[in-house]
Amino acid sequence: MAEPSVTMEVGNDGVAVITMSNPPVNALARSMFPALKSKFDEAMRRNDVKAVVLTGKGGKFSGGFDINVFEKIHKTGDVSLLPDVSVDIAVNTMEDAKKPIVAAIEGLALGGGLEMALASHARIAVPKVQLGLPELTLGVIPGFGGTQRLPRLVGLSKAIEMMLLSKTITSEEGKKLGLIDDVVSPNELMKVARKWALDIADRRKPWIRTLHRTDKIGSLAEARVALKSARELAKKIAPNTPQHLACIDVIEEGIIHGGYSGVLKEEKVFKELVATDTAKGLVHIFFSQRLISKVPNVTDRGLKPRQVKKVAVIGGGLMGSGIATALILSNVHVVLKEINAEYLQKGIKTIEANLRGLVVKGKLTEDKADKAFWILKGSLDYSDFKDVDMVIEAVVENVPLKQKIFSEIEEVCPPHCILASNTSTIDLNLIGEKTRSSDRIIGAHFFSPAHIMPLLEIVRTEKTSPQVILDLMNVGKIIKKVPVVVGNRTGFAVNRAFFPYAQAAHFLINLGVDPFRIDRVITKFGLPLGPLQLQDLSGYGVATAVWKEFSAAFAGRVFFSPLIDLMRKNGRDGKNNGRGYYIYEKGSKPKPDPSILPIVEESRRITNIMPSGKPIPVSDQQILEMVLFPVVNEGCRVVEEGIVVRPSDLDVATVLGMSFPSYRGGLLFWADLVGPKHVYASLKKWSEQYGDFFKPSKYLEERAAKGIPLSEAVSENAASRSRL
C-alpha cells in the first residue's frame with residue numbers, strides 16, 4: 001500500500017502545487033504534517049514561487065485527520081501523539097504566510113481536510129464536492145481551527161448547524177454561503193486555482209485571512225441568541241455527551257475574545273475531549289463497523305459475490321413488507337407472495353405506505369418512490385419463483401409451516417437460489433430439515449421496521465456455504481444494511497444478549513421497585529425505550545412466546561414473572577390495544593398508567609421474593625446495573641459460544657439492532673469502561689442473594705480475573721473453534 005506523502009511541483013507560472021497523497025481519501029496521517037510544513041516553508045523561501053495551490057491526489061482533496069491516531073491515544077493514554085496543527089500549521093504556516101495559498105478541491109474535504117482548506121486564502125472546487133466538519137460524531141470537535149473559521153465564512157447559525165449535526169454541504173451550496181470562492185469543471189480546476197493564487201499575489205483579488213474576519217458573525221447580541229438556541233439544541237440531541245456543548249463554548253470564545261483566542265481554546269478542549277469515554281466509545285464503534293466485513297473462511301477465500309437481481313419475499317406482514325420495501329428502494333425486483341388476495345393487498349398497501357412515509361419525511365423523492373413501487377409484483381403462488389436469485393421467508397414463527405414452505409421453494413426455485421428465513425428464534429437446521437439444500441439455507445434476520453433499522457443478522461449453520469454467506473452480505477450492503485454474520489443458536493446475537501433485559505426489569509419490579517422508575521433510568525442512560533415500554537411495543541404475545549423459547553434453550557437461568565399473564569388477564573396487550581404499562585392514545589406520548597399498580601402488587605405476592613416482604617432500597621445506578629449487567633453477562637456467553645466472529649461485532653450489533661448508545665461503544669465496550677471486575681463482583685453478589693439468573697458466565701469470570709477487556713478479540717485458536 002502506498003505510503004502517505006506530500007509533493008511539490010513549481011510551474012513556469014511561479015505557482016507551487018503542493019499535493020497530499022494517502023489513498024483512498026488522502027487522510028491526513030501524522031507523518032504528513034511535518035512534510036506539509038516543510039513544503040510550505042520551501043515555497044515561501046524560493047524566489048521562483050509567487051503563490052501556492054494546495055490539492056489532493058486522485059480526485060479527492062482530503063477525508064480528514066487519520067483517526068487511527070485516536071485509537072493509539074486510547075490504547076496508550078498518550079495525548080502527545082496529536083500533531084501541532086492548529087497554531088503551527090493552520091495559523092503560522094498557512095494563514096499568515098507571506099505568499100497566498102489557494103485550495104483546489106475535488107471529491108471531498110471533510111474534517112481536518114476542510115480545515116486545511118479554510119486556512120487557505122481562497123477555495124476553488126469542482127461540482128458536487130462534499131464539505132463538512134463531522135468530528136462530533138467521533139466525540140471530539142474540529143481541532144485545526146474549524147470552530148473559528150467556518151462561522152466567519154458561512155455565518156454563525158449555518159456553521160453551528162453543520163458542526164452540531166455533522167451536516168455536509170455540496171460545493172454549490174458552499175459557494176452560495178461564501179465557503180467556496182468558485183465552482184469550476186474538473187478540467188478547469190487547476191488552471192483557475194493557479195490564476196486565482198497569482199491574482200491574489202498581484203493584488204487583483206483580495207487576500208483574505210479568514211480568522212481576522214468578523215463581517216459574517218453579526219453583532220454580539222445576535223451571536224448570543226444563536227448560541228443560546230444552539231445550547232438548547234445540544235441538550236436535546238446529546239444530553240449524555242460533552243462534545244456538543246464544548247463546541248459551542250469554543251465558538252463563543254472566538255466571538256468574544258477574537259479568532260486566535262478561539263483557536264487556542266479549541267486546541268485545549270480538543271485534547272481533553274479525545275481522552276473522554278465518549279470519544280473512546282465512538283471511535284471503537286467506528287473501527288468495529290469496518291471489521292465486521294471480514295469473516296474468516298468467507299471473505300478470505302477469493303470468492304466473488306453473485307448478483308442478486310430478483311428476490312421473492314414470502315409473507316406480507318409487518319416484517320415481510322418492511323423487507324420488500326428495503327429491497328425495492330435499492331432497485332432489487334421483488335415478488336411478494338401471500339396466501340390470499342386480501343393479505344396480499346394488505347401487504348402491498350403497507351409497502352406503499354412505507355414509501356409514502358419516506359416521501360413525507362423528505363428522505364425519498366416522489367419519482368424514486370414510484371420507480372421503487374413499479375418493481376414490486378404480488379403473487380398468490382410460486383409461478384414467479386422460477387427465476388429468483390433469493391427467497392426470504394417472513395411468515396409467523398411456526399415450525400411445520402416454515403418446513404412446508406422450504407420444501408416447496410426448493411422444488412420451484414433455480415438451483416443457485418439462496419433460501420433465507422427471517423426467523424428470530426427458530427433453529428435453521430430445523431427449518432431446513434425436510435430439504436436437500438442445507439448448503440444454501442441461511443438466516444436473514446432483519447430488525448423492525450425492516451426498511452429503517454440498519455442491522456441485518458446473517459445466520460449461518462455449519463452447512464451454509466461460504467458463497468451463500470458472501471452473497472447475502474453483499475445484498476445487505478446493496479440495501480444499505482450493516483450485515484453481521486452470527487451463529488445458529490436461539491436468539492442469535494442481539495436478541496440472545498438482550499433476553500435478560502425485560503426479565504431483569506421484572507425481577508426488580510417483584511423486588512418492590514417502581515416499574516416506571518426502571519424505564520426512566522434506562523432511557524436516561526441513552527436507550528430509546530425502557531424494557532417495559534419495549535414489551536408494550538412488541539406486544540405481550542411476543543413476550544410470552546420469546547420467554548418460552550429462551551426457557552427451553554437456557555433452563556436454569558430464566559426468571560419466571562407472572563406479571564405479563566396478569567396484565568393479559570386484565571385485558572392489556574401493550575400498544576396493540578392501547579393499554580399496557582402505559583396508556584397509548586393517538587397523537588400523544590405514552591403515559592404511565594398508575595392503575596397497573598394493583599396488578600404489580602399481585603405479581604409481587606405470587607413471586608414472594610421481597611426480603612422480609614419489603615421493597616429493596618436501590619439507587620438509580622443500582623437499577624441501571626441490575627438491568628444491564630445481566631445483558632452484558634449474556635453477551636459474554638454469546639462471545640464464549642462463538643455466536644459472533646469477534647466481541648466487537650456484538651458491540652456493533654447492539655448499537656444498530658437495539659439502539660444501545662453508540663457513544664458508550666456498544667454493550668461489551670461499555671462494560672469495559674465500567675470495569676469487568678465490578679460487573680463480575682456485582683453479578684456474583686446478586687446470584688448469591690437471588691439465584692442463578694445473575695450467575696456470572698465463565699468468560700466474564702476469566703476476563704475479570706485476568707484483567708482482559710471483554711471487548712478485546714479472543715485468540716486465534718479460540719476463534720477457529722467457534723460455532724461459526
# chains A, B, ... in the order shown; residues from 1 in each chain; ligands from 1
call {"tool": "residues_around", "arguments": {"residues": "Asp427 in chain A", "least_positions_apart": "6", "cutoff": "9 Å", "atoms": "only C-alpha atoms", "output": "ChimeraX atom specification"}}
result
/A:461,488-490
call {"tool": "write_last_selection", "arguments": {"atoms": "N, CA and C atoms", "output": "PDB file, in the first residue's frame"}}
result
ATOM      1  N   THR A 461     -25.521 -21.765   9.401  1.00  0.00           N
ATOM      2  CA  THR A 461     -25.426 -23.061  10.079  1.00  0.00           C
ATOM      3  C   THR A 461     -24.051 -23.642   9.751  1.00  0.00           C
ATOM      4  N   ASN A 488     -25.919 -20.026  14.591  1.00  0.00           N
ATOM      5  CA  ASN A 488     -27.298 -20.513  14.631  1.00  0.00           C
ATOM      6  C   ASN A 488     -27.628 -21.087  16.016  1.00  0.00           C
ATOM      7  N   ARG A 489     -28.033 -20.208  16.923  1.00  0.00           N
ATOM      8  CA  ARG A 489     -28.449 -20.648  18.256  1.00  0.00           C
ATOM      9  C   ARG A 489     -29.606 -19.746  18.694  1.00  0.00           C
ATOM     10  N   THR A 490     -30.491 -20.221  19.515  1.00  0.00           N
ATOM     11  CA  THR A 490     -31.683 -19.461  19.927  1.00  0.00           C
ATOM     12  C   THR A 490     -31.362 -17.988  20.204  1.00  0.00           C
TER      13      THR A 490
END
call {"tool": "residues_around", "arguments": {"residues": "Val412 in chain A", "least_positions_apart": "2", "cutoff": "8 Å", "atoms": "only C-alpha atoms", "output": "mmCIF file with N, CA, C and O atoms, in the first residue's frame"}}
result
data_model
loop_
_atom_site.group_PDB
_atom_site.id
_atom_site.type_symbol
_atom_site.label_atom_id
_atom_site.label_comp_id
_atom_site.auth_asym_id
_atom_site.auth_seq_id
_atom_site.Cartn_x
_atom_site.Cartn_y
_atom_site.Cartn_z
ATOM 1 N N TYR A 382 -46.396 -19.888 -6.706
ATOM 2 C CA TYR A 382 -44.943 -19.886 -6.937
ATOM 3 C C TYR A 382 -44.564 -19.684 -8.406
ATOM 4 O O TYR A 382 -43.408 -19.865 -8.777
ATOM 5 N N PHE A 385 -41.448 -17.678 -9.191
ATOM 6 C CA PHE A 385 -40.244 -18.023 -8.434
ATOM 7 C C PHE A 385 -39.177 -18.713 -9.290
ATOM 8 O O PHE A 385 -38.085 -18.965 -8.809
ATOM 9 N N LYS A 386 -39.522 -19.019 -10.558
ATOM 10 C CA LYS A 386 -38.600 -19.838 -11.361
ATOM 11 C C LYS A 386 -37.284 -19.137 -11.704
ATOM 12 O O LYS A 386 -36.298 -19.792 -12.020
ATOM 13 N N GLU A 408 -41.265 -26.648 -0.464
ATOM 14 C CA GLU A 408 -41.884 -26.194 -1.711
ATOM 15 C C GLU A 408 -40.948 -25.318 -2.536
ATOM 16 O O GLU A 408 -40.808 -25.508 -3.750
ATOM 17 N N ILE A 409 -40.285 -24.370 -1.882
ATOM 18 C CA ILE A 409 -39.428 -23.446 -2.662
ATOM 19 C C ILE A 409 -38.185 -24.161 -3.204
ATOM 20 O O ILE A 409 -37.671 -23.798 -4.257
ATOM 21 N N GLU A 410 -37.746 -25.208 -2.510
ATOM 22 C CA GLU A 410 -36.606 -25.984 -3.017
ATOM 23 C C GLU A 410 -36.946 -26.590 -4.384
ATOM 24 O O GLU A 410 -36.082 -26.674 -5.264
ATOM 25 N N PRO A 414 -34.661 -21.895 -8.839
ATOM 26 C CA PRO A 414 -33.468 -22.403 -9.526
ATOM 27 C C PRO A 414 -32.414 -22.906 -8.530
ATOM 28 O O PRO A 414 -32.416 -22.486 -7.370
#
call {"tool": "closest_residue", "arguments": {"among": "A:Pro186, A:Gly347, A:Gly259, A:Gly174", "to": "Thr214 in chain A", "atoms": "only C-alpha atoms"}}
result
A:Gly259
call {"tool": "closest_residue", "arguments": {"among": "A:Asn474, A:Ser62, A:Gln345, A:Thr325", "to": "Leu376 in chain A", "atoms": "only C-alpha atoms"}}
result
A:Thr325
call {"tool": "closest_atom_pairs", "arguments": {"of": "range 626-703 of chain A", "to": "range 505-521 of chain A", "cutoff": "12 Å", "atoms": "only C-alpha atoms", "output": "tab-separated table"}}
result
residue	atom	partner	partner_atom	distance
A:Met626	CA	A:Leu508	CA	7.9
A:Val627	CA	A:Ala505	CA	6.0
A:Leu628	CA	A:Ala505	CA	9.5
A:Phe629	CA	A:Ala505	CA	11.7
A:Pro630	CA	A:Ala505	CA	10.5
A:Val631	CA	A:Ala505	CA	11.3
A:Trp686	CA	A:Phe507	CA	11.4
A:Gln689	CA	A:Leu511	CA	11.8
A:Tyr690	CA	A:Phe507	CA	9.4
A:Gly691	CA	A:Phe507	CA	11.1
A:Phe693	CA	A:Phe507	CA	9.4
A:Phe694	CA	A:Phe507	CA	10.5
call {"tool": "write_last_selection", "arguments": {"atoms": "N, CA, C and O atoms", "output": "PDB file, in the first residue's frame"}}
result
ATOM      1  N   MET A 626     -28.475  -3.506  37.634  1.00  0.00           N
ATOM      2  CA  MET A 626     -29.226  -4.759  37.771  1.00  0.00           C
ATOM      3  C   MET A 626     -29.989  -5.120  36.499  1.00  0.00           C
ATOM      4  O   MET A 626     -30.285  -6.284  36.252  1.00  0.00           O
ATOM      5  N   VAL A 627     -30.285  -4.113  35.663  1.00  0.00           N
ATOM      6  CA  VAL A 627     -30.937  -4.387  34.374  1.00  0.00           C
ATOM      7  C   VAL A 627     -29.889  -4.731  33.306  1.00  0.00           C
ATOM      8  O   VAL A 627     -30.060  -5.693  32.552  1.00  0.00           O
ATOM      9  N   LEU A 628     -28.793  -3.959  33.244  1.00  0.00           N
ATOM     10  CA  LEU A 628     -27.852  -4.118  32.123  1.00  0.00           C
ATOM     11  C   LEU A 628     -26.712  -5.102  32.365  1.00  0.00           C
ATOM     12  O   LEU A 628     -26.193  -5.673  31.405  1.00  0.00           O
ATOM     13  N   PHE A 629     -26.308  -5.343  33.611  1.00  0.00           N
ATOM     14  CA  PHE A 629     -25.223  -6.313  33.839  1.00  0.00           C
ATOM     15  C   PHE A 629     -25.621  -7.732  33.415  1.00  0.00           C
ATOM     16  O   PHE A 629     -24.794  -8.455  32.845  1.00  0.00           O
ATOM     17  N   PRO A 630     -26.882  -8.177  33.653  1.00  0.00           N
ATOM     18  CA  PRO A 630     -27.260  -9.491  33.119  1.00  0.00           C
ATOM     19  C   PRO A 630     -27.202  -9.542  31.587  1.00  0.00           C
ATOM     20  O   PRO A 630     -26.910 -10.586  31.003  1.00  0.00           O
ATOM     21  N   VAL A 631     -27.469  -8.407  30.930  1.00  0.00           N
ATOM     22  CA  VAL A 631     -27.376  -8.338  29.465  1.00  0.00           C
ATOM     23  C   VAL A 631     -25.909  -8.471  29.041  1.00  0.00           C
ATOM     24  O   VAL A 631     -25.578  -9.213  28.110  1.00  0.00           O
ATOM     25  N   TRP A 686     -25.276 -10.719  43.554  1.00  0.00           N
ATOM     26  CA  TRP A 686     -26.718 -10.887  43.328  1.00  0.00           C
ATOM     27  C   TRP A 686     -27.093 -12.362  43.155  1.00  0.00           C
ATOM     28  O   TRP A 686     -28.167 -12.781  43.566  1.00  0.00           O
ATOM     29  N   GLN A 689     -27.500 -13.767  46.408  1.00  0.00           N
ATOM     30  CA  GLN A 689     -28.711 -13.255  47.066  1.00  0.00           C
ATOM     31  C   GLN A 689     -29.994 -13.789  46.425  1.00  0.00           C
ATOM     32  O   GLN A 689     -30.935 -14.150  47.120  1.00  0.00           O
ATOM     33  N   TYR A 690     -30.004 -13.814  45.056  1.00  0.00           N
ATOM     34  CA  TYR A 690     -31.274 -14.039  44.352  1.00  0.00           C
ATOM     35  C   TYR A 690     -31.295 -15.262  43.436  1.00  0.00           C
ATOM     36  O   TYR A 690     -32.324 -15.560  42.840  1.00  0.00           O
ATOM     37  N   GLY A 691     -30.167 -15.936  43.227  1.00  0.00           N
ATOM     38  CA  GLY A 691     -30.178 -17.157  42.415  1.00  0.00           C
ATOM     39  C   GLY A 691     -29.469 -17.045  41.077  1.00  0.00           C
ATOM     40  O   GLY A 691     -28.837 -16.038  40.753  1.00  0.00           O
ATOM     41  N   PHE A 693     -30.206 -16.618  37.968  1.00  0.00           N
ATOM     42  CA  PHE A 693     -30.465 -15.638  36.912  1.00  0.00           C
ATOM     43  C   PHE A 693     -29.264 -14.688  36.774  1.00  0.00           C
ATOM     44  O   PHE A 693     -28.924 -14.258  35.679  1.00  0.00           O
ATOM     45  N   PHE A 694     -28.612 -14.375  37.877  1.00  0.00           N
ATOM     46  CA  PHE A 694     -27.485 -13.430  37.873  1.00  0.00           C
ATOM     47  C   PHE A 694     -26.114 -14.123  37.830  1.00  0.00           C
ATOM     48  O   PHE A 694     -25.088 -13.454  37.918  1.00  0.00           O
TER      49      PHE A 694
END
call {"tool": "residues_around", "arguments": {"residues": "range 217-219 of chain A", "least_positions_apart": "5", "cutoff": "9 Å", "atoms": "only C-alpha atoms", "output": "MDAnalysis selection string"}}
result
chainID A and resid 151:157 224 255
call {"tool": "write_last_selection", "arguments": {"atoms": "C-alpha atoms", "output": "PDB file, in the first residue's frame"}}
result
ATOM      1  CA  PRO A 151     -18.593  30.732  11.278  1.00  0.00           C
ATOM      2  CA  ARG A 152     -16.517  33.550   9.761  1.00  0.00           C
ATOM      3  CA  LEU A 153     -17.180  32.226   6.242  1.00  0.00           C
ATOM      4  CA  VAL A 154     -20.767  30.879   6.297  1.00  0.00           C
ATOM      5  CA  GLY A 155     -22.271  32.753   9.249  1.00  0.00           C
ATOM      6  CA  LEU A 156     -22.775  31.612  12.824  1.00  0.00           C
ATOM      7  CA  SER A 157     -26.119  29.772  12.547  1.00  0.00           C
ATOM      8  CA  ARG A 224     -25.694  35.342  21.945  1.00  0.00           C
ATOM      9  CA  ILE A 255     -16.625  35.568  19.086  1.00  0.00           C
TER      10      ILE A 255
END
call {"tool": "residues_around", "arguments": {"residues": "range 652-661 of chain A", "least_positions_apart": "3", "cutoff": "9 Å", "atoms": "only C-alpha atoms", "output": "ChimeraX atom specification"}}
result
/A:285-286,288-289,292,446-448,453-457,482-484,493-495,497-498,525-528,648-649,664-667
call {"tool": "residues_around", "arguments": {"residues": "range 77-86 of chain A", "least_positions_apart": "4", "cutoff": "12 Å", "atoms": "only C-alpha atoms", "output": "JSON, numbers by chain"}}
result
{"A": [28, 29, 30, 31, 32, 33, 34, 36, 37, 65, 66, 67, 68, 69, 70, 71, 72, 73, 90, 91, 92, 93, 94, 95, 112, 113, 115, 116, 118, 119, 142, 143, 144, 145, 146, 147, 148, 149, 211, 259, 260, 261, 262, 263, 264, 265, 266, 267, 268, 270, 271, 272, 273, 274, 275, 276, 277, 280]}
call {"tool": "write_last_selection", "arguments": {"atoms": "C-alpha atoms", "output": "compact mmCIF listing (two decimals), in the first residue's frame"}}
result
# COMPACT_ATOMS: atom_id res chain seq x y z
CA LEU A 28 -4.03 13.31 6.99
CA ALA A 29 -1.56 10.90 8.60
CA ARG A 30 0.73 12.24 11.35
CA SER A 31 3.77 11.96 9.07
CA MET A 32 2.16 14.32 6.53
CA PHE A 33 2.12 17.40 8.79
CA PRO A 34 5.91 17.87 9.06
CA LEU A 36 3.34 19.84 4.62
CA LYS A 37 5.14 22.39 6.82
CA PHE A 65 -7.35 13.57 10.06
CA ASP A 66 -6.26 9.93 10.29
CA ILE A 67 -8.29 8.67 13.25
CA ASN A 68 -6.03 5.65 13.74
CA VAL A 69 -4.15 8.17 15.89
CA PHE A 70 -7.19 8.42 18.22
CA GLU A 71 -7.15 4.64 18.64
CA LYS A 72 -3.44 4.76 19.55
CA ILE A 73 -4.13 7.51 22.11
CA ALA A 90 -3.05 26.32 10.04
CA VAL A 91 -2.25 29.77 11.51
CA ASN A 92 1.52 30.33 11.36
CA THR A 93 2.44 28.34 8.23
CA MET A 94 -0.67 28.80 6.08
CA GLU A 95 -2.95 31.68 7.05
CA GLY A 112 -9.24 18.21 9.09
CA GLY A 113 -9.23 18.22 5.27
CA GLU A 115 -9.92 22.85 7.95
CA MET A 116 -6.75 22.91 5.79
CA LEU A 118 -10.32 27.00 5.48
CA ALA A 119 -6.81 28.11 6.48
CA PRO A 142 -12.90 20.31 14.91
CA GLY A 143 -9.29 20.68 16.05
CA PHE A 144 -7.47 22.57 13.28
CA GLY A 145 -9.32 25.90 13.59
CA GLY A 146 -12.66 24.84 12.09
CA THR A 147 -14.72 26.10 15.03
CA GLN A 148 -13.38 29.60 14.35
CA ARG A 149 -13.08 29.84 10.57
CA LEU A 211 -9.54 34.20 11.18
CA GLY A 259 -10.37 34.21 16.46
CA TYR A 260 -6.86 33.46 17.72
CA SER A 261 -8.06 33.14 21.29
CA GLY A 262 -10.75 30.76 19.99
CA VAL A 263 -8.09 28.67 18.21
CA LEU A 264 -6.10 28.31 21.46
CA LYS A 265 -9.19 27.23 23.41
CA GLU A 266 -10.20 24.84 20.60
CA GLU A 267 -6.79 23.12 20.76
CA LYS A 268 -7.01 22.69 24.56
CA PHE A 270 -9.88 19.06 21.58
CA LYS A 271 -7.12 17.35 23.58
CA GLU A 272 -9.42 16.99 26.60
CA LEU A 273 -12.25 15.51 24.51
CA VAL A 274 -10.03 12.94 22.75
CA ALA A 275 -9.43 11.29 26.14
CA THR A 276 -13.13 11.06 27.17
CA ASP A 277 -15.15 7.84 27.38
CA LYS A 280 -13.34 6.11 23.14
call {"tool": "residues_around", "arguments": {"residues": "Lys310 in chain A", "least_positions_apart": "6", "cutoff": "6 Å", "atoms": "only C-alpha atoms", "output": "list in words"}}
result
Val332, His333, Val334, Val388 and Asp389 of chain A
call {"tool": "select_by_dssp", "arguments": {"residues": "range 454-634 of chain A", "states": "strand (DSSP E)", "output": "PyMOL selection string"}}
result
chain A and resi 455-460+482-487+582-583+591-592
call {"tool": "write_last_selection", "arguments": {"atoms": "all heavy atoms", "output": "compact mmCIF listing (two decimals), in the first residue's frame"}}
result
# COMPACT_ATOMS: atom_id res chain seq x y z
N LEU A 455 -29.55 -2.87 10.99
CA LEU A 455 -28.85 -4.14 11.21
C LEU A 455 -29.49 -5.30 10.43
O LEU A 455 -30.70 -5.42 10.36
CB LEU A 455 -28.84 -4.50 12.70
CG LEU A 455 -28.08 -5.79 13.07
CD1 LEU A 455 -26.59 -5.66 12.78
CD2 LEU A 455 -28.29 -6.15 14.54
N LEU A 456 -28.63 -6.15 9.87
CA LEU A 456 -29.06 -7.42 9.29
C LEU A 456 -28.18 -8.51 9.88
O LEU A 456 -26.97 -8.55 9.64
CB LEU A 456 -28.92 -7.39 7.76
CG LEU A 456 -29.11 -8.74 7.03
CD1 LEU A 456 -30.51 -9.30 7.26
CD2 LEU A 456 -28.83 -8.60 5.54
N GLU A 457 -28.78 -9.38 10.70
CA GLU A 457 -28.03 -10.53 11.22
C GLU A 457 -28.08 -11.64 10.17
O GLU A 457 -29.16 -12.08 9.77
CB GLU A 457 -28.65 -11.05 12.52
CG GLU A 457 -28.26 -10.25 13.74
CD GLU A 457 -28.81 -10.86 15.04
OE1 GLU A 457 -29.90 -11.45 15.04
OE2 GLU A 457 -28.13 -10.71 16.07
N ILE A 458 -26.91 -12.06 9.70
CA ILE A 458 -26.82 -13.16 8.74
C ILE A 458 -26.48 -14.41 9.54
O ILE A 458 -25.40 -14.51 10.12
CB ILE A 458 -25.75 -12.86 7.67
CG1 ILE A 458 -26.19 -11.65 6.84
CG2 ILE A 458 -25.49 -14.08 6.81
CD1 ILE A 458 -25.21 -11.22 5.78
N VAL A 459 -27.43 -15.34 9.58
CA VAL A 459 -27.30 -16.51 10.46
C VAL A 459 -26.87 -17.71 9.64
O VAL A 459 -27.59 -18.14 8.74
CB VAL A 459 -28.63 -16.81 11.18
CG1 VAL A 459 -28.42 -17.86 12.25
CG2 VAL A 459 -29.23 -15.54 11.77
N ARG A 460 -25.69 -18.24 9.95
CA ARG A 460 -25.23 -19.40 9.19
C ARG A 460 -25.24 -20.66 10.05
O ARG A 460 -24.97 -20.61 11.25
CB ARG A 460 -23.84 -19.15 8.62
CG ARG A 460 -22.74 -18.90 9.63
CD ARG A 460 -21.40 -18.97 8.93
NE ARG A 460 -20.31 -18.42 9.71
CZ ARG A 460 -19.09 -18.27 9.23
NH1 ARG A 460 -18.82 -18.60 8.00
NH2 ARG A 460 -18.13 -17.77 10.00
N VAL A 482 -26.24 -3.00 7.55
CA VAL A 482 -24.93 -3.41 8.06
C VAL A 482 -25.04 -4.89 8.41
O VAL A 482 -25.70 -5.25 9.38
CB VAL A 482 -24.51 -2.58 9.29
CG1 VAL A 482 -23.16 -3.04 9.81
CG2 VAL A 482 -24.47 -1.10 8.94
N PRO A 483 -24.44 -5.77 7.58
CA PRO A 483 -24.60 -7.20 7.83
C PRO A 483 -23.58 -7.71 8.86
O PRO A 483 -22.39 -7.46 8.74
CB PRO A 483 -24.34 -7.83 6.46
CG PRO A 483 -23.65 -6.79 5.64
CD PRO A 483 -23.68 -5.48 6.36
N VAL A 484 -24.09 -8.41 9.88
CA VAL A 484 -23.22 -9.04 10.88
C VAL A 484 -23.47 -10.55 10.84
O VAL A 484 -24.62 -10.99 10.99
CB VAL A 484 -23.50 -8.50 12.31
CG1 VAL A 484 -22.65 -9.22 13.35
CG2 VAL A 484 -23.23 -7.00 12.38
N VAL A 485 -22.41 -11.32 10.59
CA VAL A 485 -22.55 -12.77 10.49
C VAL A 485 -22.56 -13.37 11.89
O VAL A 485 -21.68 -13.09 12.71
CB VAL A 485 -21.42 -13.38 9.64
CG1 VAL A 485 -21.50 -14.90 9.62
CG2 VAL A 485 -21.49 -12.83 8.21
N VAL A 486 -23.59 -14.20 12.18
CA VAL A 486 -23.75 -14.78 13.52
C VAL A 486 -24.04 -16.28 13.41
O VAL A 486 -24.36 -16.79 12.35
CB VAL A 486 -24.89 -14.09 14.32
CG1 VAL A 486 -24.60 -12.62 14.52
CG2 VAL A 486 -26.25 -14.27 13.63
N GLY A 487 -23.91 -16.97 14.56
CA GLY A 487 -24.13 -18.41 14.61
C GLY A 487 -25.59 -18.76 14.85
O GLY A 487 -26.39 -17.93 15.29
N TYR A 582 -48.23 1.42 29.97
CA TYR A 582 -48.53 2.80 29.58
C TYR A 582 -49.87 2.85 28.86
O TYR A 582 -50.36 1.83 28.36
CB TYR A 582 -47.42 3.34 28.65
CG TYR A 582 -46.06 3.41 29.30
CD1 TYR A 582 -45.25 2.28 29.40
CD2 TYR A 582 -45.57 4.61 29.82
CE1 TYR A 582 -44.00 2.33 30.01
CE2 TYR A 582 -44.31 4.67 30.42
CZ TYR A 582 -43.54 3.53 30.52
OH TYR A 582 -42.31 3.59 31.12
N ILE A 583 -50.43 4.05 28.78
CA ILE A 583 -51.66 4.26 28.00
C ILE A 583 -51.24 4.89 26.67
O ILE A 583 -50.46 5.86 26.65
CB ILE A 583 -52.65 5.18 28.76
CG1 ILE A 583 -53.16 4.48 30.01
CG2 ILE A 583 -53.82 5.56 27.86
CD1 ILE A 583 -53.87 5.39 30.98
N LYS A 591 -48.37 7.45 28.21
CA LYS A 591 -48.39 7.94 29.61
C LYS A 591 -48.38 6.76 30.57
O LYS A 591 -49.13 5.79 30.35
CB LYS A 591 -49.67 8.75 29.85
CG LYS A 591 -49.79 10.05 29.09
CD LYS A 591 -51.08 10.79 29.52
CE LYS A 591 -51.54 11.80 28.48
NZ LYS A 591 -52.11 11.21 27.28
N PRO A 592 -47.56 6.81 31.61
CA PRO A 592 -47.57 5.73 32.62
C PRO A 592 -48.99 5.55 33.18
O PRO A 592 -49.68 6.53 33.44
CB PRO A 592 -46.62 6.24 33.70
CG PRO A 592 -45.75 7.24 33.02
CD PRO A 592 -46.59 7.87 31.95
call {"tool": "atom_distance", "arguments": {"atom1": "CA of Lys363 in chain A", "atom2": "CA of Lys481 in chain A"}}
result
16.2 Å
call {"tool": "closest_residue", "arguments": {"among": "A:Arg605, A:Arg440, A:Arg646, A:Lys684", "to": "Cys413 in chain A", "atoms": "only C-alpha atoms"}}
result
A:Arg440
call {"tool": "select_by_dssp", "arguments": {"residues": "range 664-722 of chain A", "states": "helix (DSSP H, G or I)", "output": "PyMOL selection string"}}
result
chain A and resi 664+667-674+676-690+692-694+698-706+716-720
call {"tool": "atom_distance", "arguments": {"atom1": "CA of Val468 in chain A", "atom2": "CA of Val313 in chain A"}}
result
17.3 Å
call {"tool": "closest_residue", "arguments": {"among": "A:Gly491, A:Ile375, A:Ala2, A:Glu161", "to": "Ala552 in chain A", "atoms": "only C-alpha atoms"}}
result
A:Gly491
call {"tool": "atom_distance", "arguments": {"atom1": "CA of Thr425 in chain A", "atom2": "CA of Lys569 in chain A"}}
result
25.8 Å
